>>> print(open('work.txt').read())   # compact mmCIF, C-alpha atoms
# COMPACT_ATOMS: atom_id res chain seq x y z
CA MET A 1 -37.37 -44.42 -51.78
CA PRO A 2 -40.88 -43.64 -53.07
CA ALA A 3 -42.05 -40.05 -53.35
CA GLU A 4 -43.27 -38.79 -49.96
CA ILE A 5 -44.53 -35.34 -49.07
CA GLU A 6 -43.80 -35.39 -45.32
CA PRO A 7 -40.00 -35.08 -45.49
CA VAL A 8 -40.33 -32.27 -48.02
CA LYS A 9 -42.78 -30.43 -45.76
CA ALA A 10 -40.44 -30.84 -42.78
CA TYR A 11 -37.50 -29.44 -44.75
CA LEU A 12 -39.44 -26.45 -46.08
CA LEU A 13 -40.82 -25.58 -42.64
CA ALA A 14 -37.32 -25.70 -41.14
CA LEU A 15 -35.99 -23.60 -44.01
CA GLN A 16 -38.78 -21.05 -43.48
CA ALA A 17 -37.77 -20.66 -39.83
CA GLU A 18 -34.08 -20.37 -40.75
CA ILE A 19 -34.66 -17.73 -43.43
CA CYS A 20 -36.98 -15.66 -41.23
CA SER A 21 -34.47 -15.64 -38.37
CA ALA A 22 -31.62 -14.66 -40.69
CA LEU A 23 -33.61 -11.84 -42.30
CA GLU A 24 -34.68 -10.53 -38.89
CA ARG A 25 -31.02 -10.33 -37.90
CA ALA A 26 -30.15 -8.59 -41.18
CA ASP A 27 -32.88 -6.02 -40.62
CA GLY A 28 -32.10 -5.51 -36.95
CA ASP A 29 -35.50 -4.06 -36.09
CA ALA A 30 -38.67 -5.64 -37.55
CA LEU A 31 -39.94 -9.16 -36.92
CA PHE A 32 -41.93 -11.60 -39.03
CA SER A 33 -45.57 -12.30 -38.34
CA LEU A 34 -46.63 -15.92 -37.83
CA GLU A 35 -50.03 -17.28 -38.85
CA GLN A 36 -51.34 -20.80 -39.30
CA ILE A 37 -54.33 -21.33 -41.57
CA HIS A 38 -55.96 -24.75 -41.87
CA PRO A 39 -58.12 -25.01 -45.01
CA GLU A 40 -61.23 -27.18 -44.93
CA SER A 41 -59.71 -29.44 -47.59
CA GLY A 42 -56.72 -30.16 -45.35
CA GLY A 43 -53.13 -29.04 -45.36
CA LEU A 44 -51.60 -25.92 -43.87
CA SER A 45 -50.81 -22.37 -44.92
CA GLN A 46 -48.19 -20.62 -42.80
CA PRO A 47 -47.51 -17.13 -44.15
CA ARG A 48 -44.81 -15.06 -42.49
CA VAL A 49 -44.43 -11.39 -43.44
CA MET A 50 -42.17 -8.56 -42.31
CA ASP A 51 -43.28 -5.02 -43.15
CA ALA A 52 -41.66 -1.61 -42.66
CA GLY A 53 -38.32 -2.86 -41.45
CA LYS A 54 -35.22 -0.74 -40.98
CA HIS A 55 -33.45 -2.30 -43.96
CA LEU A 56 -36.11 -4.58 -45.44
CA GLU A 57 -39.21 -2.70 -46.49
CA ARG A 58 -41.07 -5.97 -47.05
CA ALA A 59 -40.14 -9.61 -46.83
CA ALA A 60 -42.50 -12.56 -47.19
CA VAL A 61 -41.57 -16.19 -46.50
CA GLN A 62 -44.63 -18.29 -47.27
CA PHE A 63 -45.08 -22.01 -46.56
CA SER A 64 -48.04 -23.95 -47.87
CA HIS A 65 -49.27 -27.54 -47.98
CA THR A 66 -52.27 -27.86 -50.26
CA ILE A 67 -54.62 -30.80 -50.80
CA GLY A 68 -56.94 -30.48 -53.77
CA ALA A 69 -59.42 -32.42 -55.88
CA GLN A 70 -57.81 -31.18 -59.10
CA LEU A 71 -54.81 -29.13 -60.14
CA PRO A 72 -55.41 -25.48 -61.08
CA PRO A 73 -54.91 -24.62 -64.78
CA ALA A 74 -51.60 -22.86 -64.06
CA ALA A 75 -50.18 -26.20 -62.89
CA THR A 76 -51.42 -28.26 -65.83
CA GLU A 77 -50.79 -26.03 -68.84
CA ARG A 78 -47.51 -27.85 -69.50
CA ASN A 79 -48.93 -31.26 -68.51
CA PRO A 80 -52.52 -31.49 -69.78
CA ASP A 81 -52.66 -35.23 -68.99
CA LEU A 82 -52.77 -34.31 -65.28
CA ARG A 83 -55.98 -32.28 -65.57
CA GLY A 84 -58.78 -33.31 -63.26
CA LYS A 85 -56.57 -35.35 -60.95
CA GLY A 86 -56.29 -34.97 -57.20
CA PHE A 87 -53.02 -33.69 -55.80
CA GLN A 88 -50.96 -32.60 -52.83
CA ALA A 89 -48.45 -29.77 -53.08
CA THR A 90 -46.05 -28.19 -50.63
CA ALA A 91 -44.05 -25.06 -51.32
CA LEU A 92 -41.94 -22.29 -49.86
CA SER A 93 -41.84 -18.87 -51.50
CA VAL A 94 -39.44 -16.10 -50.45
CA ILE A 95 -39.43 -12.48 -51.56
CA VAL A 96 -37.38 -9.61 -50.13
CA HIS A 97 -37.95 -5.98 -51.13
CA PRO A 98 -35.12 -3.99 -49.50
CA ARG A 99 -35.37 -0.38 -48.46
CA ASN A 100 -31.99 0.69 -49.83
CA PRO A 101 -31.99 0.90 -53.67
CA TYR A 102 -28.44 -0.44 -53.76
CA VAL A 103 -29.64 -3.74 -52.29
CA PRO A 104 -31.32 -5.97 -54.89
CA THR A 105 -34.69 -7.62 -54.55
CA MET A 106 -34.48 -11.39 -54.14
CA HIS A 107 -37.00 -14.12 -54.94
CA ALA A 108 -36.81 -17.85 -54.27
CA ASN A 109 -39.28 -20.70 -54.57
CA LEU A 110 -39.21 -24.42 -53.87
CA ARG A 111 -42.22 -26.65 -54.60
CA PHE A 112 -43.19 -30.30 -54.72
CA PHE A 113 -46.28 -31.87 -56.28
CA ILE A 114 -47.71 -35.39 -55.97
CA VAL A 115 -50.55 -36.02 -58.42
CA GLU A 116 -52.61 -39.01 -57.25
CA ASP A 117 -50.45 -42.10 -57.84
CA VAL A 118 -49.38 -41.18 -61.35
CA SER A 119 -46.83 -38.39 -61.06
CA TRP A 120 -44.60 -36.30 -58.83
CA TYR A 121 -42.18 -33.49 -59.53
CA PHE A 122 -40.15 -30.69 -57.98
CA GLY A 123 -39.75 -27.11 -59.16
CA GLY A 124 -38.24 -23.85 -58.02
CA GLY A 125 -35.06 -21.80 -58.06
CA PHE A 126 -33.94 -18.30 -57.11
CA ASP A 127 -33.34 -15.05 -58.97
CA LEU A 128 -31.98 -11.57 -58.28
CA THR A 129 -33.39 -8.18 -59.34
CA PRO A 130 -30.94 -5.31 -58.77
CA TYR A 131 -31.75 -1.64 -59.18
CA TYR A 132 -28.13 -0.59 -59.38
CA GLY A 133 -25.69 -3.12 -60.74
CA PHE A 134 -22.49 -4.32 -59.08
CA LYS A 135 -20.59 -6.87 -61.10
CA GLU A 136 -19.05 -8.55 -58.06
CA ASP A 137 -22.50 -9.03 -56.47
CA VAL A 138 -23.93 -10.68 -59.58
CA ILE A 139 -20.88 -12.93 -59.92
CA HIS A 140 -21.21 -13.95 -56.26
CA TRP A 141 -24.92 -14.71 -56.78
CA HIS A 142 -24.26 -16.89 -59.80
CA GLN A 143 -21.31 -18.63 -58.16
CA GLN A 144 -23.59 -19.70 -55.32
CA ALA A 145 -26.13 -20.88 -57.89
CA SER A 146 -23.42 -22.87 -59.66
CA ASP A 147 -22.19 -24.35 -56.38
CA ALA A 148 -25.73 -25.46 -55.52
CA CYS A 149 -26.00 -27.33 -58.82
CA ALA A 150 -22.45 -28.69 -59.04
CA PRO A 151 -23.02 -32.05 -57.28
CA PHE A 152 -25.82 -32.92 -59.71
CA GLY A 153 -24.10 -32.72 -63.09
CA GLU A 154 -21.90 -30.50 -65.21
CA ASP A 155 -24.75 -29.03 -67.24
CA VAL A 156 -27.33 -28.52 -64.47
CA TYR A 157 -26.34 -24.94 -63.63
CA LEU A 158 -26.28 -23.90 -67.29
CA GLN A 159 -29.64 -25.58 -67.92
CA CYS A 160 -31.30 -23.94 -64.89
CA LYS A 161 -29.66 -20.56 -65.61
CA THR A 162 -30.93 -20.59 -69.19
CA ASP A 163 -34.42 -21.56 -68.05
CA CYS A 164 -34.31 -18.72 -65.48
CA ASP A 165 -33.28 -16.17 -68.11
CA ASN A 166 -36.12 -17.35 -70.34
CA TYR A 167 -38.79 -17.42 -67.63
CA PHE A 168 -38.09 -14.13 -65.81
CA PHE A 169 -38.56 -12.04 -68.93
CA LEU A 170 -41.19 -9.40 -69.70
CA PRO A 171 -42.08 -9.89 -73.38
CA HIS A 172 -44.26 -6.78 -73.46
CA ARG A 173 -41.19 -4.76 -72.39
CA ASN A 174 -38.66 -6.94 -74.21
CA GLU A 175 -36.44 -6.96 -71.13
CA PRO A 176 -35.36 -9.35 -68.39
CA ARG A 177 -36.72 -8.83 -64.89
CA GLY A 178 -33.24 -9.03 -63.38
CA VAL A 179 -29.90 -10.83 -63.62
CA GLY A 180 -31.31 -14.33 -63.31
CA GLY A 181 -30.16 -17.28 -61.26
CA LEU A 182 -31.84 -20.69 -61.33
CA PHE A 183 -35.22 -21.97 -62.48
CA PHE A 184 -36.39 -25.56 -62.90
CA ASP A 185 -39.72 -27.28 -63.27
CA ASP A 186 -41.04 -30.85 -63.62
CA TRP A 187 -37.80 -32.03 -62.00
CA THR A 188 -37.53 -35.79 -61.38
CA SER A 189 -33.89 -36.41 -62.34
CA GLY A 190 -32.37 -39.42 -60.57
CA GLY A 191 -35.56 -40.35 -58.74
CA PHE A 192 -37.17 -38.91 -55.64
CA GLU A 193 -34.26 -39.01 -53.20
CA ARG A 194 -31.78 -37.50 -55.67
CA SER A 195 -34.29 -34.83 -56.69
CA PHE A 196 -35.00 -34.04 -53.04
CA GLN A 197 -31.25 -33.63 -52.46
CA PHE A 198 -31.19 -31.20 -55.36
CA ILE A 199 -33.88 -28.89 -53.98
CA ARG A 200 -32.28 -29.03 -50.53
CA SER A 201 -29.04 -27.87 -52.11
CA ILE A 202 -30.87 -25.00 -53.81
CA GLY A 203 -32.63 -24.07 -50.57
CA ASP A 204 -29.43 -24.24 -48.53
CA HIS A 205 -27.73 -21.76 -50.89
CA ILE A 206 -30.42 -19.05 -50.72
CA LEU A 207 -29.03 -17.26 -47.67
CA PRO A 208 -25.31 -17.62 -48.60
CA ALA A 209 -26.16 -16.16 -52.01
CA TYR A 210 -28.15 -13.17 -50.75
CA LEU A 211 -27.11 -12.13 -47.25
CA PRO A 212 -23.53 -11.08 -48.10
CA ILE A 213 -24.94 -8.69 -50.70
CA VAL A 214 -27.42 -7.27 -48.18
CA GLU A 215 -24.70 -6.73 -45.59
CA LYS A 216 -22.37 -5.12 -48.13
CA ARG A 217 -24.92 -2.64 -49.53
CA LYS A 218 -27.57 -1.91 -46.89
CA HIS A 219 -25.73 1.12 -45.43
CA THR A 220 -24.88 2.71 -48.81
CA PRO A 221 -26.03 6.35 -48.85
CA TYR A 222 -28.81 7.15 -51.32
CA GLY A 223 -31.17 9.98 -52.16
CA PRO A 224 -34.45 10.72 -53.97
CA ARG A 225 -32.99 9.91 -57.40
CA GLU A 226 -32.03 6.38 -56.41
CA GLU A 227 -35.28 5.79 -54.54
CA ASN A 228 -37.38 6.98 -57.48
CA PHE A 229 -35.52 4.65 -59.83
CA GLN A 230 -36.04 1.77 -57.39
CA LEU A 231 -39.78 2.46 -57.32
CA TYR A 232 -39.87 2.69 -61.12
CA ARG A 233 -38.14 -0.68 -61.48
CA ARG A 234 -40.44 -2.17 -58.85
CA GLY A 235 -43.23 -1.42 -61.29
CA ARG A 236 -41.63 -3.91 -63.68
CA TYR A 237 -41.59 -6.45 -60.86
CA ALA A 238 -45.30 -5.92 -60.26
CA GLU A 239 -46.03 -6.23 -63.98
CA PHE A 240 -44.28 -9.60 -64.13
CA ASN A 241 -46.06 -10.96 -61.07
CA LEU A 242 -49.51 -9.92 -62.24
CA ALA A 243 -49.23 -10.55 -65.98
CA ILE A 244 -46.83 -13.47 -66.35
CA ASP A 245 -45.92 -15.37 -63.20
CA ARG A 246 -47.39 -18.87 -63.02
CA GLY A 247 -47.00 -18.94 -59.25
CA THR A 248 -49.29 -15.93 -58.81
CA ARG A 249 -51.87 -17.42 -61.18
CA TYR A 250 -51.64 -20.76 -59.36
CA GLY A 251 -52.28 -19.05 -56.03
CA LEU A 252 -55.30 -17.17 -57.34
CA GLN A 253 -56.74 -20.23 -59.09
CA SER A 254 -56.24 -22.53 -56.11
CA GLY A 255 -58.33 -20.37 -53.81
CA ARG A 256 -55.53 -19.39 -51.46
CA ARG A 257 -56.04 -16.29 -49.30
CA ILE A 258 -55.44 -13.26 -51.49
CA GLU A 259 -53.32 -11.53 -48.82
CA SER A 260 -50.87 -14.43 -48.90
CA VAL A 261 -50.80 -14.65 -52.70
CA LEU A 262 -50.04 -10.94 -53.14
CA ALA A 263 -47.66 -10.58 -50.18
CA SER A 264 -44.82 -10.87 -52.70
CA MET A 265 -45.80 -7.56 -54.31
CA PRO A 266 -43.62 -4.52 -53.58
CA PRO A 267 -45.16 -2.24 -50.94
CA ARG A 268 -44.54 0.81 -53.15
CA ALA A 269 -44.02 1.25 -56.89
CA ILE A 270 -44.43 3.94 -59.55
CA TRP A 271 -44.97 4.09 -63.30
CA LYS A 272 -43.58 6.93 -65.43
CA TYR A 273 -44.73 7.57 -68.97
CA ASP A 274 -42.02 6.82 -71.56
CA TRP A 275 -39.19 7.44 -69.10
CA GLN A 276 -35.63 6.99 -70.39
CA PRO A 277 -32.43 6.99 -68.31
CA GLU A 278 -29.79 9.62 -68.86
CA PRO A 279 -27.03 8.35 -71.20
CA LYS A 280 -24.02 6.86 -69.41
CA SER A 281 -25.79 7.09 -66.03
CA PRO A 282 -25.84 4.25 -63.48
CA GLU A 283 -29.51 3.76 -64.37
CA ALA A 284 -28.62 3.40 -68.05
CA GLU A 285 -25.89 0.90 -67.15
CA LEU A 286 -28.48 -1.37 -65.55
CA TYR A 287 -30.20 -1.69 -68.92
CA SER A 288 -27.15 -1.72 -71.19
CA TYR A 289 -25.01 -4.15 -69.19
CA PHE A 290 -26.76 -5.90 -66.32
CA LEU A 291 -30.14 -6.64 -67.94
CA LYS A 292 -28.45 -8.69 -70.65
CA PRO A 293 -28.27 -12.48 -70.20
CA ARG A 294 -24.59 -13.41 -70.10
CA ASP A 295 -22.17 -15.96 -68.71
CA TRP A 296 -21.55 -14.19 -65.42
CA LEU A 297 -19.02 -16.72 -64.18
CA SER A 298 -16.77 -16.08 -67.16
CA GLU A 299 -16.91 -12.39 -66.17
CA ASP A 300 -15.03 -13.41 -63.02
CA LYS A 301 -12.08 -14.38 -65.21
CA SER A 302 -12.10 -11.24 -67.36
>>> encode(input="work.txt", output="structure tokens")
Amino acid sequence: MPAEIEPVKAYLLALQAEICSALERADGDALFSLEQIHPESGGLSQPRVMDAGKHLERAAVQFSHTIGAQLPPAATERNPDLRGKGFQATALSVIVHPRNPYVPTMHANLRFFIVEDVSWYFGGGFDLTPYYGFKEDVIHWHQQASDACAPFGEDVYLQCKTDCDNYFFLPHRNEPRGVGGLFFDDWTSGGFERSFQFIRSIGDHILPAYLPIVEKRKHTPYGPREENFQLYRRGRYAEFNLAIDRGTRYGLQSGRRIESVLASMPPRAIWKYDWQPEPKSPEAELYSYFLKPRDWLSEDKS
């Protein structure tokens, strides 16, 4: 089957609706907005955002189909031979900033590019950013990631996990953003149909990976200490998005509406000068244990 954008668009739109409905049920109060924006160049932008929910302080589930005369620099820095070529791209981006500090932030992205008649590729993945670490939650997250990759080869999970650990890293802080998950780019393995099956498997594991953690932790009591640490760590999230993330740069360079591009930012964050956690505190454990790339699935056996 040749590469086609329409079936990918249909899948991502259906997945957007499924994720929004599931997150609305998890929140139990707020609902997602629904907008449809039709750019002059063609395509569709359909941002959906939930703000000020009971359990989810912000969630954004953004669908886009872009038609352009040439790829933005953020999309060609790894493939300079594609510069100046027309393209179509469709993508779904998911970000959840929970209200309770014991519930981790979640990010997911699935994208597909067709560059004229010369190239096509998939990219995406999902990653988890906890504020307070729970070993069983991280193991569950990585088990779902492994299950999503399992039908596509023995080494796929390890490859995508390693790429995720390497990508979601703040070099200016010398620390990971979170506990990782999956990340892949320029994916064409097995041809279009096999690659499309792969991203569907990733997409279909987003909710099973995240919602059980939300349901387990969203009622955990917390106070000002935990909330202040959450806001402090959200600052790291904002730093990554603004200084490093290729997806943010792509959105800005492609002329997308700024409100949609920055909807993934946390609604609140703080920065403290030279703050250090108390030794042996739960905050210190996040740094000393959880923000260290490791084989989480082997932890399940220890």
>>> residues_around(input="work.txt", residues="range 52-58 of chain A", least_positions_apart="4", cutoff="10 Å", atoms="all atoms listed in the file", output="list in words")
Leu23, Glu24, Ala26, Asp27, Gly28, Asp29, Ala30, Leu31, Phe32, Ile95, Val96, His97, Pro98, Arg99, Asn100, Val103, Thr105, Val214, Glu215, Lys218, His219, Ala263, Ser264, Met265, Pro266, Pro267 and Arg268 of chain A
>>> residues_around(input="work.txt", residues="range 181-197 of chain A", least_positions_apart="3", cutoff="8 Å", atoms="only C-alpha atoms", output="NGL selection string")
:A and (1-3 or 8 or 120-128 or 141-142 or 145 or 157 or 160-165 or 167 or 200-201)
>>> atom_distance(input="work.txt", atom1="CA of Ile199 in chain A", atom2="CA of Gly43 in chain A")
21.1 Å
>>> closest_atom_pairs(input="work.txt", of="range 161-199 of chain A", to="range 226-249 of chain A", cutoff="10 Å", atoms="all atoms listed in the file", output="JSON lines")
{"residue": "A:Tyr167", "atom": "CA", "partner": "A:Asp245", "partner_atom": "CA", "distance": 8.6}
{"residue": "A:Phe168", "atom": "CA", "partner": "A:Phe240", "partner_atom": "CA", "distance": 7.9}
{"residue": "A:Phe169", "atom": "CA", "partner": "A:Phe240", "partner_atom": "CA", "distance": 7.9}
{"residue": "A:Leu170", "atom": "CA", "partner": "A:Phe240", "partner_atom": "CA", "distance": 6.4}
{"residue": "A:Pro171", "atom": "CA", "partner": "A:Ile244", "partner_atom": "CA", "distance": 9.2}
{"residue": "A:His172", "atom": "CA", "partner": "A:Glu239", "partner_atom": "CA", "distance": 9.7}
{"residue": "A:Arg173", "atom": "CA", "partner": "A:Arg236", "partner_atom": "CA", "distance": 8.8}
{"residue": "A:Glu175", "atom": "CA", "partner": "A:Arg236", "partner_atom": "CA", "distance": 9.6}
{"residue": "A:Pro176", "atom": "CA", "partner": "A:Arg236", "partner_atom": "CA", "distance": 9.5}
{"residue": "A:Arg177", "atom": "CA", "partner": "A:Tyr237", "partner_atom": "CA", "distance": 6.8}
{"residue": "A:Gly178", "atom": "CA", "partner": "A:Tyr237", "partner_atom": "CA", "distance": 9.1}
>>> atom_distance(input="work.txt", atom1="CA of Glu154 in chain A", atom2="CA of His107 in chain A")
24.5 Å
>>> closest_residue(input="work.txt", among="A:Lys135, A:Arg48, A:Arg83, A:Arg111", to="Trp296 in chain A", atoms="all atoms listed in the file")
A:Lys135
>>> residues_around(input="work.txt", residues="Ile114 in chain A", least_positions_apart="4", cutoff="6 Å", atoms="only C-alpha atoms", output="mmCIF file with C-alpha atoms, in the coordinates of the input")
data_model
loop_
_atom_site.group_PDB
_atom_site.id
_atom_site.type_symbol
_atom_site.label_atom_id
_atom_site.label_comp_id
_atom_site.auth_asym_id
_atom_site.auth_seq_id
_atom_site.Cartn_x
_atom_site.Cartn_y
_atom_site.Cartn_z
ATOM 1 C CA PHE A 87 -53.020 -33.690 -55.800
ATOM 2 C CA GLN A 88 -50.960 -32.600 -52.830
ATOM 3 C CA SER A 119 -46.830 -38.390 -61.060
ATOM 4 C CA TRP A 120 -44.600 -36.300 -58.830
#
>>> axis_aligned_box(input="work.txt", around="range 214-227 of chain A", padding_each_side="4 Å", output="JSON")
{"center_x": -28.8, "center_y": 1.7, "center_z": -51.4, "size_x": 20.9, "size_y": 26.0, "size_z": 20.0}
>>> residues_around(input="work.txt", residues="Pro277 in chain A", least_positions_apart="4", cutoff="10 Å", atoms="all atoms listed in the file", output="number ranges by chain")
A: 229, 281-287
>>> atom_distance(input="work.txt", atom1="CA of Thr90 in chain A", atom2="CA of Ile206 in chain A")
18.1 Å
>>> residues_around(input="work.txt", residues="range 37-42 of chain A", least_positions_apart="4", cutoff="9 Å", atoms="all atoms listed in the file", output="ChimeraX atom specification")
/A:46-47,65-69,256
>>> closest_residue(input="work.txt", among="A:Leu211, A:Trp275, A:Cys20, A:Leu15", to="Asp137 in chain A", atoms="all atoms listed in the file")
A:Leu211
